[in-house]
$ cat input_24.cif   # mmCIF, C-alpha atoms and all ligand atoms
data_entry
loop_
_atom_site.label_atom_id
_atom_site.label_comp_id
_atom_site.auth_asym_id
_atom_site.auth_seq_id
_atom_site.Cartn_x
_atom_site.Cartn_y
_atom_site.Cartn_z
CA ALA A 1372 87.43 139.26 167.84
CA GLN A 1373 90.40 137.24 169.03
CA LYS A 1374 93.75 138.33 167.66
CA VAL A 1375 95.34 135.35 165.91
CA ILE A 1376 98.55 134.60 164.06
CA LEU A 1377 98.23 131.60 161.74
CA ASP A 1378 101.39 129.48 161.58
CA GLY A 1379 101.52 126.51 159.23
CA ASP A 1380 102.76 124.63 156.19
CA PRO A 1381 100.13 124.63 153.42
CA GLY A 1382 99.46 121.81 152.64
CA LEU A 1383 95.87 121.42 151.63
CA ASP A 1384 94.28 121.09 155.06
CA ASP A 1385 96.27 124.09 156.32
CA ALA A 1386 94.83 126.11 153.43
CA VAL A 1387 91.27 125.05 154.30
CA ALA A 1388 91.94 125.86 157.97
CA TRP A 1389 93.19 129.33 157.08
CA LEU A 1390 90.17 129.98 154.86
CA LEU A 1391 87.95 129.00 157.80
CA ALA A 1392 89.80 131.41 160.09
CA LEU A 1393 89.81 134.24 157.54
CA ALA A 1394 86.05 133.83 157.00
CA SER A 1395 85.23 133.90 160.73
CA PRO A 1396 84.27 137.11 162.52
CA GLU A 1397 85.36 135.62 165.88
CA VAL A 1398 88.94 135.85 164.64
CA GLU A 1399 91.12 138.79 163.59
CA VAL A 1400 94.05 137.40 161.59
CA LEU A 1401 97.05 139.64 162.31
CA GLY A 1402 99.37 137.78 159.96
CA ILE A 1403 100.44 134.42 158.63
CA THR A 1404 103.79 132.88 159.49
CA VAL A 1405 104.91 130.05 157.27
CA THR A 1406 107.05 127.04 158.08
CA HIS A 1407 108.60 124.07 156.31
CA GLY A 1408 106.45 120.96 156.62
CA ASN A 1409 104.18 119.30 154.10
CA VAL A 1410 106.38 120.65 151.30
CA GLY A 1411 109.48 122.85 151.33
CA LEU A 1412 109.40 126.47 152.46
CA PRO A 1413 109.41 128.13 149.01
CA LEU A 1414 106.22 126.24 148.16
CA THR A 1415 104.52 126.72 151.54
CA VAL A 1416 105.20 130.46 151.33
CA HIS A 1417 103.78 130.61 147.81
CA ASN A 1418 100.76 128.59 148.94
CA ALA A 1419 100.16 131.04 151.79
CA GLY A 1420 99.93 133.83 149.21
CA VAL A 1421 97.58 131.74 147.10
CA THR A 1422 95.36 131.01 150.11
CA LEU A 1423 95.12 134.71 150.98
CA ALA A 1424 94.21 135.47 147.36
CA LEU A 1425 91.49 132.82 147.49
CA ALA A 1426 90.02 134.54 150.54
CA GLY A 1427 89.49 137.74 148.54
CA ALA A 1428 88.81 140.83 150.66
CA ALA A 1429 89.19 138.78 153.87
CA GLY A 1430 92.82 138.08 152.94
CA ALA A 1431 93.69 141.31 151.17
CA ASN A 1432 95.39 143.12 154.04
CA VAL A 1433 96.86 140.14 155.85
CA PRO A 1434 100.68 140.09 155.69
CA TYR A 1435 102.53 136.80 155.40
CA PHE A 1436 106.07 135.95 156.39
CA ALA A 1437 108.55 133.20 155.53
CA GLY A 1438 109.84 131.33 158.56
CA ALA A 1439 112.06 128.36 159.25
CA HIS A 1440 113.48 126.45 156.30
CA GLY A 1441 113.87 123.29 158.29
CA PRO A 1442 113.66 121.69 161.73
CA LEU A 1443 115.96 122.60 164.64
CA VAL A 1444 117.95 119.38 164.89
CA ARG A 1445 116.63 116.55 162.76
CA ASP A 1446 116.76 116.32 158.95
CA LEU A 1447 114.04 117.93 156.87
CA MET A 1448 111.09 115.67 156.11
CA THR A 1449 108.04 116.48 153.99
CA ALA A 1450 104.65 114.91 153.22
CA ALA A 1451 104.41 115.60 149.50
CA ALA A 1452 102.91 112.14 149.02
CA VAL A 1453 99.84 113.27 150.99
CA HIS A 1454 99.57 116.86 149.74
CA GLY A 1455 100.88 116.60 146.17
CA ALA A 1456 104.23 117.90 144.96
CA SER A 1457 103.04 121.52 145.09
CA GLY A 1458 101.20 121.19 148.41
CA LEU A 1459 98.00 122.53 146.82
CA PRO A 1460 96.89 120.06 144.14
CA ALA A 1461 94.13 122.02 142.40
CA GLN A 1462 93.65 123.71 139.04
CA GLY A 1463 92.75 127.33 138.53
CA LEU A 1464 94.36 128.67 141.69
CA PRO A 1465 94.91 132.44 141.77
CA GLN A 1466 98.41 133.87 141.95
CA PRO A 1467 99.33 135.60 145.21
CA ALA A 1468 98.03 139.17 145.16
CA GLN A 1469 101.00 140.33 147.22
CA PRO A 1470 104.52 139.01 147.93
CA PRO A 1471 105.62 137.85 151.38
CA GLU A 1472 106.95 140.54 153.71
CA ASP A 1473 110.72 140.96 154.11
CA GLU A 1474 110.57 140.53 157.89
CA HIS A 1475 111.25 137.02 159.18
CA ALA A 1476 108.22 135.12 160.51
CA VAL A 1477 109.85 134.63 163.90
CA ASP A 1478 110.54 138.37 164.27
CA PHE A 1479 106.93 139.12 163.35
CA ILE A 1480 105.66 136.71 166.01
CA ILE A 1481 107.89 138.25 168.69
CA ARG A 1482 107.07 141.83 167.74
CA THR A 1483 103.33 141.22 167.52
CA VAL A 1484 103.01 139.28 170.77
CA ARG A 1485 104.99 141.97 172.62
CA HIS A 1486 102.76 144.64 171.13
CA HIS A 1487 99.56 142.92 172.34
CA PRO A 1488 100.55 141.21 175.61
CA ASN A 1489 98.28 138.28 176.54
CA LYS A 1490 96.02 138.99 173.59
CA VAL A 1491 97.48 136.96 170.72
CA THR A 1492 96.57 133.34 169.98
CA LEU A 1493 99.04 131.36 167.89
CA LEU A 1494 97.08 128.88 165.78
CA ALA A 1495 99.71 126.38 164.61
CA SER A 1496 99.01 123.70 162.05
CA GLY A 1497 102.49 122.48 161.18
CA PRO A 1498 105.83 121.68 162.80
CA LEU A 1499 106.46 124.05 165.73
CA THR A 1500 109.85 125.35 164.55
CA ASN A 1501 108.83 129.02 164.25
CA LEU A 1502 107.23 129.04 167.69
CA ALA A 1503 110.20 127.33 169.31
CA LEU A 1504 112.61 129.82 167.71
CA ALA A 1505 110.47 132.73 168.92
CA PHE A 1506 110.45 131.31 172.46
CA ARG A 1507 114.22 130.87 172.39
CA LEU A 1508 114.92 134.36 171.02
CA ALA A 1509 112.44 136.03 173.39
CA PRO A 1510 112.24 133.93 176.56
CA GLU A 1511 109.48 136.10 178.02
CA LEU A 1512 107.19 135.27 175.10
CA PRO A 1513 105.43 132.19 176.55
CA GLU A 1514 104.11 134.44 179.34
CA LEU A 1515 102.85 136.99 176.84
CA VAL A 1516 101.04 134.66 174.43
CA ARG A 1517 97.33 134.25 175.12
CA GLU A 1518 97.48 130.63 174.00
CA VAL A 1519 98.87 128.27 171.44
CA VAL A 1520 96.28 126.09 169.71
CA TRP A 1521 98.06 123.38 167.78
CA MET A 1522 97.07 120.59 165.44
CA GLY A 1523 99.55 117.90 166.27
CA GLY A 1524 100.29 114.79 168.26
CA SER A 1525 97.82 112.25 169.48
CA THR A 1526 96.67 110.64 172.70
CA THR A 1527 96.87 107.35 170.77
CA GLY A 1528 99.08 106.36 167.84
CA GLY A 1529 100.79 108.32 165.09
CA ASN A 1530 100.40 108.63 161.34
CA ALA A 1531 103.99 109.34 160.30
CA THR A 1532 105.20 106.39 162.38
CA PRO A 1533 103.21 104.12 164.71
CA ALA A 1534 104.21 106.48 167.53
CA ALA A 1535 104.44 109.92 165.95
CA GLU A 1536 102.06 112.31 164.27
CA PHE A 1537 103.61 114.22 161.31
CA ASN A 1538 103.77 117.71 162.87
CA VAL A 1539 105.69 116.37 165.85
CA LEU A 1540 107.98 114.08 163.92
CA ALA A 1541 108.88 116.86 161.47
CA ASP A 1542 110.42 118.78 164.42
CA PRO A 1543 110.25 116.95 167.75
CA HIS A 1544 112.74 119.27 169.44
CA ALA A 1545 110.65 122.30 168.59
CA ALA A 1546 107.55 120.61 169.99
CA HIS A 1547 109.50 119.79 173.14
CA ILE A 1548 110.52 123.44 173.58
CA VAL A 1549 106.93 124.64 173.19
CA PHE A 1550 105.44 122.02 175.52
CA GLU A 1551 108.04 122.75 178.21
CA SER A 1552 107.74 126.54 177.84
CA GLY A 1553 104.79 127.06 180.16
CA VAL A 1554 102.73 128.71 177.40
CA PRO A 1555 98.98 128.06 177.66
CA LEU A 1556 98.52 125.30 175.11
CA ARG A 1557 95.66 123.37 173.54
CA MET A 1558 96.44 120.29 171.50
CA VAL A 1559 94.13 119.01 168.77
CA GLY A 1560 95.55 115.63 167.85
CA LEU A 1561 94.81 112.69 165.61
CA ASN A 1562 92.60 111.10 168.28
CA VAL A 1563 89.98 113.74 167.38
CA THR A 1564 90.94 114.87 163.87
CA MET A 1565 90.70 111.34 162.45
CA GLN A 1566 86.99 111.45 163.37
CA CYS A 1567 86.42 114.39 160.99
CA ILE A 1568 86.46 112.95 157.49
CA ALA A 1569 85.73 114.89 154.29
CA ASP A 1570 83.76 112.08 152.64
CA PRO A 1571 82.15 112.30 149.17
CA ASP A 1572 78.90 113.82 150.53
CA ARG A 1573 80.84 116.57 152.26
CA ILE A 1574 82.91 117.24 149.15
CA THR A 1575 79.67 117.51 147.16
CA ALA A 1576 78.33 119.97 149.74
CA LEU A 1577 81.45 122.12 149.40
CA ARG A 1578 81.21 122.12 145.63
CA GLY A 1579 77.54 122.99 145.98
CA LEU A 1580 78.44 126.26 147.72
CA GLY A 1581 78.89 127.61 144.20
CA ASN A 1582 81.81 129.91 145.01
CA ARG A 1583 85.45 129.52 143.99
CA VAL A 1584 86.55 128.60 147.53
CA GLY A 1585 83.96 125.78 147.54
CA THR A 1586 85.13 124.50 144.15
CA VAL A 1587 88.82 124.64 145.06
CA SER A 1588 88.25 123.05 148.49
CA ALA A 1589 86.28 120.25 146.85
CA GLU A 1590 89.09 119.66 144.39
CA LEU A 1591 91.77 119.64 147.09
CA LEU A 1592 89.76 117.30 149.28
CA THR A 1593 89.09 114.98 146.32
CA PHE A 1594 92.85 114.55 145.84
CA TYR A 1595 93.22 114.09 149.61
CA ALA A 1596 90.42 111.49 149.68
CA SER A 1597 92.22 109.36 147.12
CA VAL A 1598 95.31 109.34 149.37
CA TYR A 1599 93.29 108.48 152.50
CA ARG A 1600 91.35 105.80 150.67
CA ALA A 1601 94.53 104.13 149.46
CA ARG A 1602 96.44 104.47 152.75
CA TYR A 1603 93.79 103.98 155.39
CA GLY A 1604 90.71 102.62 153.60
CA LEU A 1605 88.79 105.73 154.71
CA SER A 1606 86.04 107.43 152.70
CA GLY A 1607 87.88 110.76 152.70
CA GLY A 1608 90.72 112.82 154.13
CA ALA A 1609 90.84 113.91 157.76
CA LEU A 1610 90.17 117.60 158.41
CA HIS A 1611 93.10 117.92 160.84
CA ASP A 1612 94.03 121.59 160.58
CA PRO A 1613 90.50 122.94 160.04
CA LEU A 1614 89.50 121.30 163.33
CA ALA A 1615 92.27 123.21 165.12
CA ALA A 1616 90.96 126.44 163.58
CA ALA A 1617 87.48 125.51 164.75
CA ALA A 1618 88.90 125.01 168.23
CA VAL A 1619 89.76 128.72 168.28
CA ILE A 1620 86.43 129.83 166.83
CA ARG A 1621 84.19 127.44 168.77
CA PRO A 1622 86.06 125.65 171.61
CA ASP A 1623 82.74 124.06 172.65
CA LEU A 1624 82.87 121.83 169.57
CA LEU A 1625 85.49 119.75 171.38
CA ASP A 1626 85.85 118.16 174.81
CA TRP A 1627 89.05 119.00 176.66
CA HIS A 1628 91.10 117.30 179.30
CA ASP A 1629 94.07 118.88 181.11
CA MET A 1630 97.14 116.69 181.39
CA HIS A 1631 100.89 116.57 181.16
CA VAL A 1632 102.23 115.87 177.68
CA ASP A 1633 105.85 114.94 177.12
CA ILE A 1634 107.54 114.85 173.72
CA GLU A 1635 109.92 112.00 172.98
CA VAL A 1636 113.06 113.53 171.49
CA HIS A 1637 115.26 110.44 171.61
CA GLU A 1638 115.64 108.73 168.27
CA GLY A 1639 114.06 105.31 168.34
CA VAL A 1640 110.67 103.77 167.73
CA ASN A 1641 108.94 106.42 169.84
CA PHE A 1642 110.76 109.43 168.33
CA GLY A 1643 108.22 112.27 168.07
CA ARG A 1644 105.60 110.68 170.27
CA THR A 1645 103.32 112.90 172.39
CA VAL A 1646 103.33 110.95 175.64
CA CYS A 1647 99.98 111.95 177.14
CA ASP A 1648 99.54 111.40 180.87
CA LEU A 1649 95.83 110.59 180.57
CA TYR A 1650 95.51 109.21 184.10
CA GLY A 1651 97.89 111.52 185.93
CA SER A 1652 100.30 108.71 186.68
CA THR A 1653 103.43 110.87 186.53
CA GLY A 1654 102.16 113.46 188.98
CA ARG A 1655 103.75 116.08 186.74
CA PRO A 1656 101.85 119.37 186.45
CA THR A 1657 99.49 119.85 183.55
CA ASN A 1658 101.04 121.63 180.55
CA ALA A 1659 98.32 121.15 177.93
CA ARG A 1660 94.58 121.09 177.45
CA VAL A 1661 94.11 118.13 175.14
CA ALA A 1662 91.10 117.56 172.88
CA VAL A 1663 89.55 114.20 173.73
CA GLY A 1664 86.17 114.42 171.97
CA VAL A 1665 84.64 116.24 169.00
CA ARG A 1666 81.18 117.04 167.65
CA ASP A 1667 82.00 116.29 164.05
CA GLU A 1668 78.64 117.15 162.43
CA ALA A 1669 78.51 120.58 164.07
CA PHE A 1670 82.14 121.17 163.13
CA PHE A 1671 81.53 120.41 159.46
CA ALA A 1672 78.39 122.58 159.47
CA LEU A 1673 80.52 125.48 160.73
CA LEU A 1674 83.18 124.88 158.08
CA LEU A 1675 80.61 124.76 155.29
CA GLU A 1676 78.79 127.86 156.47
CA ARG A 1677 81.98 129.89 156.80
CA LEU A 1678 83.57 128.85 153.51
CA GLY A 1679 80.29 129.86 151.89
CA GLN A 1680 80.97 133.46 153.00
CA LEU A 1681 84.12 133.70 150.86
CA PRO A 1682 84.29 134.47 147.13
C1 LIG B 1 99.11 117.06 159.96
O1 LIG B 1 100.19 116.77 159.08
C2 LIG B 1 100.07 117.50 157.91
O2 LIG B 1 100.34 116.69 156.81
C3 LIG B 1 98.68 118.08 157.89
O3 LIG B 1 98.68 119.33 157.24
C4 LIG B 1 98.34 118.19 159.34
O4 LIG B 1 98.77 119.42 159.87
C5 LIG B 1 98.34 115.79 160.21
O5 LIG B 1 99.15 114.82 160.78
CA CA B 2 99.55 121.22 158.47
#

$ encode --input "input_24.cif" --output "structure tokens"
Amino acid sequence: AQKVILDGDPGLDDAVAWLLALASPEVEVLGITVTHGNVGLPLTVHNAGVTLALAGAAGANVPYFAGAHGPLVRDLMTAAAVHGASGLPAQGLPQPAQPPEDEHAVDFIIRTVRHHPNKVTLLASGPLTNLALAFRLAPELPELVREVVWMGGSTTGGNATPAAEFNVLADPHAAHIVFESGVPLRMVGLNVTMQCIADPDRITALRGLGNRVGTVSAELLTFYASVYRARYGLSGGALHDPLAAAAVIRPDLLDWHDMHVDIEVHEGVNFGRTVCDLYGSTGRPTNARVAVGVRDEAFFALLLERLGQLP
């Protein structure tokens, strides 16, 4: 199994992504590092504990760590309108079975990557603040990480602004540090995740699993669908972060294209944009493997099958 640290900001699609990873034998989750993002850090940390409790035995021995309270340079921004005030809008959620560890998330990342050189994948589904801090504190780290797989950015337009996807805009400077670090990096952006919609039939299928994880996922995605229907006229919410988790478990579910990606860090209309050199026009060396296509039906089948393994 691949050794993975999950870094994110639950957030309902982060929670579903983590459940997918925790249920998958291809992945050994070494720990969860939590960041600010969809809601503030106290809530994302709590939600990490809730998500581990939902996973039952698969989450029982996984430690989780609080990370960055806010972005490196810009002001804190959240997405509570999309994820609900708590970040996990569902009834009947379990309480965390264990508290977060005392160690800081960034220290855990550094220590763990050093301990398993070139073996650890960082699966990131939020702003990249924790990863950027780790790379700044331990400059050798990008050479020791197996790869970063990140839900964020887009080869096309953004969702937080016309130019920027939320996870970039919430900390563009952190994204810039990670993309310039030389770390092996795969980017799963809106150009593919917006093709993976949890529509009413899929929500029914999740509920039909008959387990608590299926019921809770269906409830979360029902809330999410109402937001996506109102905002975008779509039949359901986009499974952004679960697709990034699937990219670790089954990379063949996506098509990949190597290119140079630059992050716009100047404030202005393009602030937070992932400028993707699709046609190699800059001549700059490739720094990312970017998802450009997805097999959505096979992806959802995987998600359904794996969530069915949990309690
Ligand atoms: C990303 O932003 C967050 O709101 C989601 O959890 C996802 O990681 C999509 O733009
Ligand atoms: Ca997220």

$ residues_around --input "input_24.cif" --residues "Gly1679 of chain A" --least-positions-apart "6" --cutoff "9 Å" --atoms "all atoms listed in the file" --output "number ranges by chain"
A: 1394, 1577, 1580-1582, 1584-1585

$ closest_residue --input "input_24.cif" --among "A:Gly1579, A:Gly1529, A:Pro1613, A:Pro1555" --to "ligand CA 2 (chain B)" --atoms "only C-alpha atoms and all ligand atoms"
A:Pro1613

$ residues_near_ligand --input "input_24.cif" --ligand "ligand LIG 1 (chain B)" --cutoff "6 Å" --atoms "all atoms listed in the file" --output "VMD selection string"
chain A and resid 1382 1384 to 1385 1409 1450 1496 to 1497 1522 1536 to 1538 1611 to 1612

$ atom_distance --input "input_24.cif" --atom1 "atom CA of Ala1569 of chain A" --atom2 "atom CA of Phe1594 of chain A"
11.1 Å

$ atom_distance --input "input_24.cif" --atom1 "atom CA of Pro1467 of chain A" --atom2 "atom CA of Leu1675 of chain A"
23.9 Å

$ closest_residue --input "input_24.cif" --among "A:Arg1482, A:Arg1602, A:Arg1557, A:His1628" --to "Tyr1650 of chain A" --atoms "only C-alpha atoms"
A:His1628
